[in-house]
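This is start16.cif (mmCIF, C-alpha atoms).
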data_input
loop_
_atom_site.label_atom_id
_atom_site.label_comp_id
_atom_site.auth_asym_id
_atom_site.auth_seq_id
_atom_site.Cartn_x
_atom_site.Cartn_y
_atom_site.Cartn_z
CA MET A 1 77.91 -9.29 -11.50
CA ASN A 2 77.57 -11.50 -14.58
CA SER A 3 76.20 -14.99 -14.12
CA MET A 4 78.90 -17.65 -13.71
CA SER A 5 78.99 -21.22 -14.90
CA SER A 6 78.72 -23.84 -12.18
CA MET A 7 82.43 -24.59 -12.49
CA GLU A 8 83.37 -20.91 -12.21
CA ARG A 9 81.09 -20.58 -9.19
CA LEU A 10 82.76 -23.52 -7.44
CA VAL A 11 86.35 -22.48 -8.20
CA THR A 12 85.67 -18.91 -7.09
CA THR A 13 84.07 -20.09 -3.85
CA ILE A 14 86.90 -22.46 -2.92
CA SER A 15 89.49 -19.77 -3.65
CA GLY A 16 87.84 -17.53 -1.03
CA GLU A 17 86.73 -14.98 -3.59
CA THR A 18 83.17 -13.80 -4.24
CA PRO A 19 81.02 -15.72 -6.76
CA ASP A 20 77.75 -14.47 -8.23
CA ARG A 21 75.86 -16.61 -5.71
CA MET A 22 76.48 -19.40 -3.23
CA PRO A 23 76.87 -22.74 -5.06
CA LEU A 24 74.12 -25.33 -4.60
CA PHE A 25 75.32 -28.95 -4.49
CA PHE A 26 72.79 -31.77 -4.38
CA LEU A 27 74.15 -35.24 -5.17
CA PHE A 28 71.25 -37.05 -6.81
CA THR A 29 71.73 -40.81 -6.72
CA GLY A 30 68.64 -42.99 -6.34
CA TYR A 31 66.49 -39.89 -6.74
CA GLY A 32 67.01 -40.28 -10.47
CA ALA A 33 65.00 -43.51 -10.34
CA LYS A 34 62.16 -41.59 -8.71
CA GLU A 35 62.29 -38.91 -11.40
CA LEU A 36 62.15 -41.52 -14.18
CA GLU A 37 59.65 -43.72 -12.30
CA ILE A 38 61.78 -46.84 -12.48
CA ALA A 39 62.91 -49.34 -9.83
CA PRO A 40 66.28 -48.26 -8.35
CA LYS A 41 67.90 -51.64 -9.03
CA ASP A 42 67.04 -51.34 -12.74
CA TYR A 43 68.00 -47.67 -12.86
CA PHE A 44 71.48 -48.21 -11.42
CA LYS A 45 72.25 -50.81 -14.10
CA ASP A 46 71.40 -48.53 -17.04
CA ILE A 47 74.26 -46.14 -17.84
CA ASP A 48 72.28 -44.06 -20.32
CA LEU A 49 69.34 -43.62 -17.96
CA VAL A 50 71.64 -42.43 -15.18
CA VAL A 51 73.32 -39.90 -17.49
CA LYS A 52 69.93 -38.71 -18.74
CA ALA A 53 68.64 -38.29 -15.19
CA GLN A 54 71.77 -36.48 -14.01
CA PHE A 55 71.41 -33.72 -16.60
CA MET A 56 67.64 -33.60 -16.23
CA MET A 57 67.87 -33.10 -12.45
CA GLN A 58 70.77 -30.67 -12.70
CA GLN A 59 68.72 -28.46 -14.99
CA LYS A 60 65.39 -28.94 -13.21
CA TYR A 61 66.68 -28.21 -9.70
CA ARG A 62 69.47 -25.89 -10.90
CA THR A 63 72.22 -27.52 -8.87
CA ASP A 64 75.89 -26.87 -9.57
CA CYS A 65 77.16 -30.43 -9.87
CA LEU A 66 76.75 -33.82 -11.49
CA THR A 67 77.89 -37.19 -10.18
CA GLY A 68 78.68 -40.63 -11.54
CA PHE A 69 78.22 -42.05 -8.03
CA LEU A 70 75.52 -44.71 -7.74
CA TYR A 71 75.49 -46.11 -4.20
CA THR A 72 77.99 -46.63 -1.40
CA SER A 73 77.94 -50.43 -1.28
CA LEU A 74 79.06 -50.55 -4.94
CA GLU A 75 82.63 -50.43 -3.64
CA TYR A 76 81.78 -53.18 -1.17
CA GLU A 77 80.56 -55.32 -4.08
CA ALA A 78 84.04 -54.95 -5.63
CA PHE A 79 85.47 -56.73 -2.58
CA GLY A 80 82.98 -59.60 -3.00
CA GLY A 81 80.14 -58.18 -0.91
CA SER A 82 76.48 -57.90 -1.79
CA THR A 83 73.89 -55.12 -1.90
CA ILE A 84 70.32 -55.08 -0.62
CA PHE A 85 68.08 -52.90 -2.79
CA SER A 86 65.00 -50.96 -1.73
CA ASN A 87 62.24 -49.51 -3.88
CA ASP A 88 62.11 -46.20 -2.02
CA GLY A 89 65.47 -45.70 -0.38
CA PRO A 90 69.23 -46.12 -0.76
CA PRO A 91 70.75 -49.59 -1.24
CA ASN A 92 72.53 -51.07 1.77
CA ALA A 93 75.49 -53.40 2.14
CA GLY A 94 74.62 -57.04 2.64
CA LYS A 95 76.21 -59.62 4.94
CA PRO A 96 79.79 -58.80 6.08
CA ILE A 97 82.49 -60.57 4.09
CA ILE A 98 84.92 -60.59 7.05
CA GLU A 99 83.55 -62.90 9.73
CA SER A 100 86.85 -63.51 11.50
CA PHE A 101 90.16 -61.66 11.63
CA GLU A 102 91.72 -64.49 9.61
CA ASP A 103 89.50 -63.55 6.65
CA ILE A 104 91.51 -60.34 6.28
CA ASN A 105 94.49 -62.34 5.02
CA ARG A 106 92.42 -63.46 2.01
CA LEU A 107 91.26 -59.96 1.08
CA GLN A 108 92.52 -58.76 -2.31
CA VAL A 109 92.63 -55.27 -3.84
CA PRO A 110 89.80 -55.17 -6.42
CA ILE A 111 90.84 -54.63 -10.03
CA ILE A 112 88.59 -51.88 -11.36
CA ASP A 113 88.39 -53.19 -14.94
CA GLN A 114 87.15 -56.53 -13.62
CA CYS A 115 84.30 -55.10 -11.51
CA GLU A 116 81.05 -54.56 -13.42
CA GLY A 117 79.66 -51.95 -11.05
CA LEU A 118 82.85 -49.89 -10.99
CA LYS A 119 83.06 -49.97 -14.78
CA ARG A 120 79.52 -48.56 -14.94
CA VAL A 121 80.55 -45.59 -12.81
CA ILE A 122 83.60 -44.96 -15.00
CA ASN A 123 81.49 -45.05 -18.17
CA ILE A 124 78.84 -42.77 -16.63
CA THR A 125 81.55 -40.30 -15.62
CA LYS A 126 83.02 -40.30 -19.14
CA LYS A 127 79.59 -39.60 -20.65
CA LEU A 128 78.91 -36.81 -18.16
CA LYS A 129 82.27 -35.22 -18.96
CA ALA A 130 81.75 -35.47 -22.71
CA ARG A 131 78.52 -33.50 -22.41
CA ALA A 132 79.32 -31.13 -19.53
CA GLY A 133 82.85 -30.24 -20.56
CA ASN A 134 84.33 -27.75 -18.11
CA GLN A 135 81.03 -26.04 -17.34
CA ILE A 136 79.66 -28.28 -14.56
CA PRO A 137 81.70 -30.01 -11.81
CA ILE A 138 81.47 -33.81 -11.79
CA ILE A 139 81.84 -35.35 -8.34
CA GLY A 140 83.33 -38.80 -7.86
CA VAL A 141 83.07 -40.70 -4.59
CA VAL A 142 85.52 -42.86 -2.63
CA VAL A 143 84.83 -44.54 0.70
CA GLY A 144 87.77 -43.80 2.99
CA PRO A 145 89.90 -46.89 3.75
CA CYS A 146 89.22 -46.51 7.46
CA SER A 147 85.45 -46.30 6.92
CA MET A 148 85.19 -49.22 4.49
CA PRO A 149 85.60 -51.85 7.28
CA ILE A 150 82.20 -50.81 8.67
CA MET A 151 80.66 -52.52 5.63
CA GLN A 152 83.27 -55.25 5.34
CA MET A 153 83.01 -56.58 8.88
CA GLY A 154 80.38 -54.62 10.81
CA PHE A 155 81.07 -51.83 13.26
CA GLU A 156 81.26 -53.92 16.44
CA ARG A 157 83.82 -56.35 15.00
CA TYR A 158 85.80 -53.42 13.58
CA ILE A 159 86.09 -51.79 17.00
CA GLN A 160 87.23 -55.12 18.39
CA LEU A 161 89.90 -55.26 15.70
CA LEU A 162 91.18 -51.80 16.66
CA TYR A 163 91.88 -52.99 20.17
CA GLU A 164 92.88 -56.63 19.66
CA ASP A 165 94.83 -57.20 16.45
CA LYS A 166 96.95 -54.33 15.15
CA GLU A 167 98.68 -56.49 12.54
CA SER A 168 95.40 -57.54 10.91
CA LEU A 169 94.11 -53.98 11.19
CA ASN A 170 97.12 -52.65 9.28
CA LYS A 171 96.69 -55.29 6.57
CA LEU A 172 93.02 -54.40 6.15
CA LEU A 173 93.63 -50.66 5.99
CA LYS A 174 96.48 -51.03 3.50
CA VAL A 175 94.34 -53.12 1.13
CA ASN A 176 91.53 -50.59 1.44
CA GLN A 177 93.93 -47.69 0.95
CA GLU A 178 95.39 -49.10 -2.27
CA PHE A 179 91.90 -49.60 -3.65
CA ALA A 180 90.71 -46.13 -2.57
CA VAL A 181 93.65 -44.46 -4.32
CA ASN A 182 93.18 -46.53 -7.49
CA TRP A 183 89.43 -45.92 -7.50
CA GLY A 184 89.68 -42.19 -6.88
CA ASN A 185 92.29 -41.70 -9.58
CA ALA A 186 90.33 -43.82 -12.07
CA GLN A 187 87.31 -41.54 -11.62
CA LEU A 188 89.45 -38.43 -12.02
CA LYS A 189 90.97 -39.86 -15.20
CA ALA A 190 87.47 -40.55 -16.51
CA GLY A 191 86.52 -36.90 -16.05
CA ALA A 192 85.59 -36.32 -12.42
CA THR A 193 86.44 -32.83 -11.18
CA ALA A 194 86.88 -33.77 -7.53
CA ILE A 195 86.47 -36.71 -5.18
CA CYS A 196 84.03 -36.82 -2.30
CA TYR A 197 86.05 -38.67 0.35
CA PHE A 198 83.26 -40.40 2.29
CA ASN A 199 84.70 -40.90 5.76
CA PRO A 200 82.26 -40.90 8.72
CA ILE A 201 84.80 -42.69 10.92
CA ALA A 202 86.64 -39.33 11.20
CA SER A 203 83.81 -37.94 13.34
CA THR A 204 83.74 -38.42 17.11
CA GLU A 205 80.13 -39.52 16.71
CA MET A 206 81.61 -42.70 15.24
CA LEU A 207 85.01 -43.07 16.91
CA GLN A 208 86.77 -41.42 19.83
CA ARG A 209 89.21 -38.74 18.71
CA ASP A 210 92.26 -40.45 20.20
CA LEU A 211 91.43 -43.72 18.42
CA TYR A 212 90.90 -41.95 15.11
CA GLU A 213 94.16 -40.04 15.52
CA SER A 214 96.09 -43.18 16.46
CA PHE A 215 94.81 -45.59 13.83
CA CYS A 216 93.17 -43.70 10.97
CA TYR A 217 94.48 -40.15 10.64
CA ASP A 218 97.81 -41.04 8.98
CA ILE A 219 96.06 -43.42 6.56
CA ASP A 220 93.58 -40.71 5.58
CA LYS A 221 96.35 -38.16 5.10
CA GLU A 222 98.38 -40.53 2.92
CA THR A 223 95.34 -41.55 0.88
CA ILE A 224 94.17 -38.01 0.19
CA ASN A 225 97.66 -36.99 -0.87
CA LEU A 226 97.85 -39.94 -3.29
CA ILE A 227 94.57 -39.00 -4.96
CA ASN A 228 95.48 -36.84 -7.95
CA GLY A 229 92.83 -34.18 -7.55
CA PRO A 230 90.88 -32.09 -5.02
CA THR A 231 88.89 -33.85 -2.32
CA ALA A 232 85.95 -33.04 -0.08
CA THR A 233 85.83 -34.97 3.18
CA HIS A 234 82.27 -36.04 3.94
CA LEU A 235 81.20 -37.34 7.36
CA ALA A 236 77.70 -38.52 6.34
CA SER A 237 75.84 -35.98 8.52
CA ALA A 238 78.12 -36.53 11.55
CA LYS A 239 79.79 -33.64 13.39
CA ALA A 240 83.07 -32.24 12.09
CA LEU A 241 84.12 -29.70 14.72
CA PRO A 242 85.71 -32.11 17.26
CA THR A 243 88.20 -33.40 14.64
CA LEU A 244 88.22 -30.40 12.29
CA ASP A 245 91.90 -29.64 12.87
CA LEU A 246 92.87 -33.20 11.91
CA ILE A 247 90.58 -33.22 8.88
CA GLU A 248 92.16 -29.99 7.64
CA LYS A 249 95.68 -31.37 8.05
CA THR A 250 94.90 -34.35 5.80
CA GLY A 251 95.08 -31.97 2.83
CA THR A 252 91.40 -32.02 1.88
CA GLN A 253 89.89 -28.80 0.50
CA ILE A 254 86.25 -29.09 1.60
CA VAL A 255 84.50 -30.46 4.68
CA ALA A 256 80.85 -31.49 4.90
CA ILE A 257 79.39 -30.63 8.28
CA SER A 258 76.39 -31.70 10.33
CA ALA A 259 73.10 -29.79 10.23
CA LYS A 260 73.60 -29.49 13.99
CA GLU A 261 76.80 -27.46 13.58
CA SER A 262 77.41 -23.77 13.03
CA ILE A 263 78.88 -22.82 9.66
CA ALA A 264 80.42 -19.72 11.24
CA LYS A 265 82.21 -21.77 13.91
CA VAL A 266 83.63 -24.15 11.32
CA LYS A 267 84.84 -21.26 9.16
CA ASN A 268 86.41 -19.56 12.18
CA LYS A 269 88.36 -22.71 13.07
CA SER A 270 89.65 -23.66 9.62
CA LYS A 271 90.31 -22.40 6.12
CA LEU A 272 88.38 -25.25 4.54
CA THR A 273 85.40 -24.59 2.31
CA VAL A 274 82.25 -25.69 4.12
CA LEU A 275 79.68 -27.98 2.51
CA GLY A 276 76.28 -27.97 4.20
CA ASN A 277 74.23 -27.92 6.13
CA LEU A 278 70.60 -28.71 5.34
CA SER A 279 69.18 -31.82 7.00
CA GLY A 280 68.08 -34.27 4.32
CA ILE A 281 65.81 -35.97 6.86
CA ASN A 282 64.09 -32.73 7.82
CA MET A 283 63.69 -31.84 4.15
CA CYS A 284 61.35 -34.83 3.80
CA HIS A 285 58.63 -33.00 5.73
CA MET A 286 59.53 -29.30 5.47
CA THR A 287 57.16 -26.78 3.95
CA ILE A 288 58.22 -24.33 1.24
CA GLY A 289 58.27 -21.56 3.83
CA GLU A 290 60.40 -23.59 6.24
CA ILE A 291 63.02 -24.47 3.63
CA ASP A 292 63.14 -20.86 2.49
CA ASN A 293 63.75 -19.67 6.04
CA GLU A 294 66.40 -22.35 6.63
CA ILE A 295 68.31 -21.32 3.52
CA LYS A 296 68.01 -17.66 4.47
CA LEU A 297 69.64 -18.41 7.85
CA ILE A 298 72.42 -20.45 6.23
CA CYS A 299 73.15 -17.65 3.78
CA GLU A 300 73.14 -14.99 6.49
CA GLU A 301 75.62 -17.05 8.52
CA GLY A 302 77.79 -18.35 5.70
CA MET A 303 78.07 -15.72 2.98
CA LYS A 304 80.50 -13.43 4.76
CA GLY A 305 83.96 -14.38 3.55
CA GLY A 306 82.61 -16.96 1.09
CA ARG A 307 83.88 -20.55 1.31
CA VAL A 308 80.39 -22.07 1.66
CA ILE A 309 78.55 -24.48 -0.63
CA LEU A 310 74.89 -25.08 0.18
CA SER A 311 74.08 -28.79 0.33
CA ASP A 312 72.31 -31.42 2.35
CA ASN A 313 74.40 -32.83 5.18
CA HIS A 314 74.34 -36.51 4.23
CA GLY A 315 75.55 -36.49 0.66
CA GLU A 316 72.48 -37.73 -1.20
CA ILE A 317 68.90 -36.55 -1.44
CA PRO A 318 66.47 -38.97 0.21
CA TRP A 319 63.75 -40.45 -1.98
CA GLN A 320 61.09 -39.00 0.33
CA VAL A 321 62.07 -35.32 -0.17
CA PRO A 322 59.23 -33.71 -2.19
CA LYS A 323 60.15 -32.29 -5.56
CA GLU A 324 58.52 -29.02 -4.52
CA VAL A 325 61.03 -28.64 -1.68
CA LEU A 326 63.95 -29.13 -4.06
CA LEU A 327 62.54 -26.57 -6.47
CA ALA A 328 62.15 -24.20 -3.54
CA CYS A 329 65.83 -24.63 -2.68
CA SER A 330 66.99 -23.21 -6.00
CA ALA A 331 64.49 -20.35 -5.71
CA SER A 332 65.68 -19.57 -2.18
CA ILE A 333 69.37 -19.62 -3.08
CA ASP A 334 68.58 -17.08 -5.79
CA LYS A 335 66.77 -14.94 -3.25
CA TRP A 336 69.20 -15.12 -0.33
CA GLY A 337 72.47 -16.42 -1.76
CA LYS A 338 73.38 -13.78 -4.31
CA TYR A 339 76.45 -11.64 -3.61
CA SER A 340 75.23 -8.66 -5.62
#
Show the structure stored in the file as structure tokens.
Amino acid sequence: MNSMSSMERLVTTISGETPDRMPLFFLFTGYGAKELEIAPKDYFKDIDLVVKAQFMMQQKYRTDCLTGFLYTSLEYEAFGGSTIFSNDGPPNAGKPIIESFEDINRLQVPIIDQCEGLKRVINITKKLKARAGNQIPIIGVVVGPCSMPIMQMGFERYIQLLYEDKESLNKLLKVNQEFAVNWGNAQLKAGATAICYFNPIASTEMLQRDLYESFCYDIDKETINLINGPTATHLASAKALPTLDLIEKTGTQIVAISAKESIAKVKNKSKLTVLGNLSGINMCHMTIGEIDNEIKLICEEGMKGGRVILSDNHGEIPWQVPKEVLLACSASIDKWGKYS
């Protein structure tokens, strides 16, 4: 079988047909700062450095995707929140902007062109598209409207809102939904191939199934259907199987699963393409032999019938993962993930 481009490999895999090998998707965010030996806060502000690092890492580690995504709390900043930066790890959201339910009434849908961080992502995406063309998929990211409140108000207060104030809850989710749709479509217009719909609240490790189904499922379904391109629902390393049927019915095309879950079981229960399921945390201290064996097992379990993309289970490569382990991943996928 002739070698495929990364885009051909992805499209063939999602269609359920046989590619030349299993696609390898690593979303490199802050890892680019490590590669260029620059502080993450400075790296994220420099559009040209991010673009340079994206192509450098894609070629070096032979992954099948690029991303304009910088860090999750960037969307939170658009709502007026802050970000806490680290020199060797991902940025985190700062103090909640919603301290009481009344604060929800003052929340406004961010205007993308007026948000410096969002404009950086759009410009990065445009530059990636101009260089990659249709050869390499470019992945955009949107935080699901039902997961965004975890940053906006903290998880404990959010759960309280679910039980105590349905009117305020609906207002919050509608504002978040309008922004999520606008933000996803803006990235697609800029050149993104697909949107990673970051939505850990859809896992029962975050919220009971009946609560998710009652308050969040319809919002997720509406949002995904209003995004004008393919989506991959990502649960941030949480388990997918308990709500897999609901996730599939939202209209998403791909589901990211936990490293603790069986690829075969997920494939047997849905027609979604499976993204996973290496543990990014374990990769920080795995040997070359251990990562090779892990990828061999994933390929043995997932290659039959296609519909599997090899990736870490959290959605970004931790700073602490050795470069040698990442290089071993591409070598192992060549060894075990080829279909001919």
Query - Residues selected by the PyMOL selection byres ((chain A and resi 151) around 9), written as a PyMOL selection string - result: chain A and resi 73+76+81+93-97+147-150+152-155
Residues returned when the PyMOL selection byres ((chain A and resi 158) around 12) runs on this file, as a PDB file with C-alpha atoms, in the coordinates of the input:
ATOM      1  CA  PRO A  96      79.790 -58.800   6.080  1.00  0.00           C
ATOM      2  CA  ILE A  98      84.920 -60.590   7.050  1.00  0.00           C
ATOM      3  CA  GLU A  99      83.550 -62.900   9.730  1.00  0.00           C
ATOM      4  CA  SER A 100      86.850 -63.510  11.500  1.00  0.00           C
ATOM      5  CA  PHE A 101      90.160 -61.660  11.630  1.00  0.00           C
ATOM      6  CA  ILE A 104      91.510 -60.340   6.280  1.00  0.00           C
ATOM      7  CA  CYS A 146      89.220 -46.510   7.460  1.00  0.00           C
ATOM      8  CA  SER A 147      85.450 -46.300   6.920  1.00  0.00           C
ATOM      9  CA  MET A 148      85.190 -49.220   4.490  1.00  0.00           C
ATOM     10  CA  PRO A 149      85.600 -51.850   7.280  1.00  0.00           C
ATOM     11  CA  ILE A 150      82.200 -50.810   8.670  1.00  0.00           C
ATOM     12  CA  MET A 151      80.660 -52.520   5.630  1.00  0.00           C
ATOM     13  CA  GLN A 152      83.270 -55.250   5.340  1.00  0.00           C
ATOM     14  CA  MET A 153      83.010 -56.580   8.880  1.00  0.00           C
ATOM     15  CA  GLY A 154      80.380 -54.620  10.810  1.00  0.00           C
ATOM     16  CA  PHE A 155      81.070 -51.830  13.260  1.00  0.00           C
ATOM     17  CA  GLU A 156      81.260 -53.920  16.440  1.00  0.00           C
ATOM     18  CA  ARG A 157      83.820 -56.350  15.000  1.00  0.00           C
ATOM     19  CA  ILE A 159      86.090 -51.790  17.000  1.00  0.00           C
ATOM     20  CA  GLN A 160      87.230 -55.120  18.390  1.00  0.00           C
ATOM     21  CA  LEU A 161      89.900 -55.260  15.700  1.00  0.00           C
ATOM     22  CA  LEU A 162      91.180 -51.800  16.660  1.00  0.00           C
ATOM     23  CA  TYR A 163      91.880 -52.990  20.170  1.00  0.00           C
ATOM     24  CA  GLU A 164      92.880 -56.630  19.660  1.00  0.00           C
ATOM     25  CA  ASP A 165      94.830 -57.200  16.450  1.00  0.00           C
ATOM     26  CA  LYS A 166      96.950 -54.330  15.150  1.00  0.00           C
ATOM     27  CA  SER A 168      95.400 -57.540  10.910  1.00  0.00           C
ATOM     28  CA  LEU A 169      94.110 -53.980  11.190  1.00  0.00           C
ATOM     29  CA  LEU A 172      93.020 -54.400   6.150  1.00  0.00           C
ATOM     30  CA  LEU A 173      93.630 -50.660   5.990  1.00  0.00           C
ATOM     31  CA  ILE A 201      84.800 -42.690  10.920  1.00  0.00           C
ATOM     32  CA  MET A 206      81.610 -42.700  15.240  1.00  0.00           C
ATOM     33  CA  LEU A 207      85.010 -43.070  16.910  1.00  0.00           C
ATOM     34  CA  PHE A 215      94.810 -45.590  13.830  1.00  0.00           C
TER      35      PHE A 215
END
Query raised in the report: Suppose you want the space between atom CA of A:Val141 and atom CA of A:Glu8; what is it in Å?
Result: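 Atom CA of A:Val141 sits 21.2 Å away from atom CA of A:Glu8.
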Query - Pick from A:Asn176, A:Asn2, A:Asn105, A:Thr63 nearest to A:Tyr339, counting all atoms listed in the file - result: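 Using all atoms listed in the file, A:Tyr339 sits closest to A:Asn2.
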Query raised in the report: Smallest atom-to-atom distance to A:Ile309: which of A:Lys171, A:Arg21, A:Lys129, A:Lys60, using all atoms listed in the file?
Result: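 That would be A:Arg21, the residue with the smallest distance to A:Ile309.
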